[in-house]
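Working notes, beginning with the structure itself.
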Amino acid sequence: MAENTKSSHTDEFYKVKHKEQMKHQVITFALMVIFTIVAFALVAGDFSKLFIIPVLLLLAAVQVMFQLYYFMHMSEKGHEMPALMIYSGIFAAILTILALTTITWI
């Protein structure tokens, strides 16, 4: 009898946890759709390229982080090493682009 109660309590815990994860994924998906609509509106609108390009890059970076964090479950336990490798690669890419830009600029 005691095992049934424990199992029921565990099942309830996982139901609540999955419901919370689904809520976060739906909110994230809605935000990504909104960001995409904003990006299309910026490109279709009559805005300066000096304004559009940084905003598009920012929206793209935010969407990549949403993809990694929520849809690829990088926030969950046990994904620390893959997350470290991905973030290290992003850091190396940024440093490389910055170095090449600086060399070309000079």
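Identifiers in this document derive from the order of the structure tokens: chains are assigned A, B, ..., residues are numbered from 1 separately in each chain, and ligands are numbered from 1 in order of occurrence.
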Would you list the contacts of Leu59 of chain A as a compact mmCIF listing (two decimals) with N, CA and C atoms, in the first residue's frame, taking every protein, DNA or RNA residue within 10 Å and counting only C-alpha atoms, but skipping same-chain residues closer than 6 positions in sequence?
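Full text of result31.txt as output:
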# COMPACT_ATOMS: atom_id res chain seq x y z
N MET A 32 9.64 32.97 -30.51
CA MET A 32 10.43 32.80 -31.73
C MET A 32 9.63 33.17 -32.97
N PHE A 35 9.61 36.94 -32.99
CA PHE A 35 10.91 37.45 -33.45
C PHE A 35 11.05 37.32 -34.95
N THR A 36 10.56 36.22 -35.51
CA THR A 36 10.64 36.02 -36.95
C THR A 36 9.77 37.03 -37.69
N VAL A 38 8.96 39.99 -36.57
CA VAL A 38 9.65 41.28 -36.43
C VAL A 38 10.79 41.39 -37.44
N ALA A 39 11.54 40.30 -37.61
CA ALA A 39 12.64 40.31 -38.58
C ALA A 39 12.14 40.54 -40.00
N ILE A 53 20.69 45.40 -39.71
CA ILE A 53 21.65 44.31 -39.57
C ILE A 53 21.94 43.97 -38.11
N MET A 65 19.84 30.84 -28.84
CA MET A 65 19.87 30.53 -27.41
C MET A 65 18.58 29.85 -26.96
- [ ] May I ask which of the residues A:Tyr69, A:Phe40, A:Phe51, A:Phe29 is the closest one to Pro82 of chain A, counting only C-alpha atoms?
- [x]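 Closest to Pro82 of chain A of all the choices is A:Tyr69.
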Open item on the list: DSSP on the backbone: which residues in chain A end up as alpha helix (DSSP H)? Give the answer as a count of residues only.
Closed with: 87
Task: Residue among A:Val55, A:Ile106, A:Gly45, A:Leu68 lying closest to Tyr87 of chain A, counting only C-alpha atoms - done: A:Leu68
Task: Atom-to-atom span, atom CA of Gly78 of chain A and atom CA of Gln63 of chain A, Å - done: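 A separation of 22.7 Å between them.
Minimum atom-to-atom distances from A:His79, A:Phe71, A:Asp46, A:Val62 to Met22 of chain A were compared using only C-alpha atoms, and the lowest value belongs to A:Phe71.
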Task: Counting only C-alpha atoms, the option among A:Ile27, A:Val33, A:Phe13, A:Leu100 closest to Ala60 of chain A - done: A:Val33
- [ ] Measure the distance from atom CA of Leu50 of chain A to atom CA of Val64 of chain A in Å and round it to one decimal.
- [x]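 Going from atom CA of Leu50 of chain A over to atom CA of Val64 of chain A covers 22.1 Å.
Straight-line separation from atom CA of Ser48 of chain A to atom CA of Thr104 of chain A: 24.3 Å.
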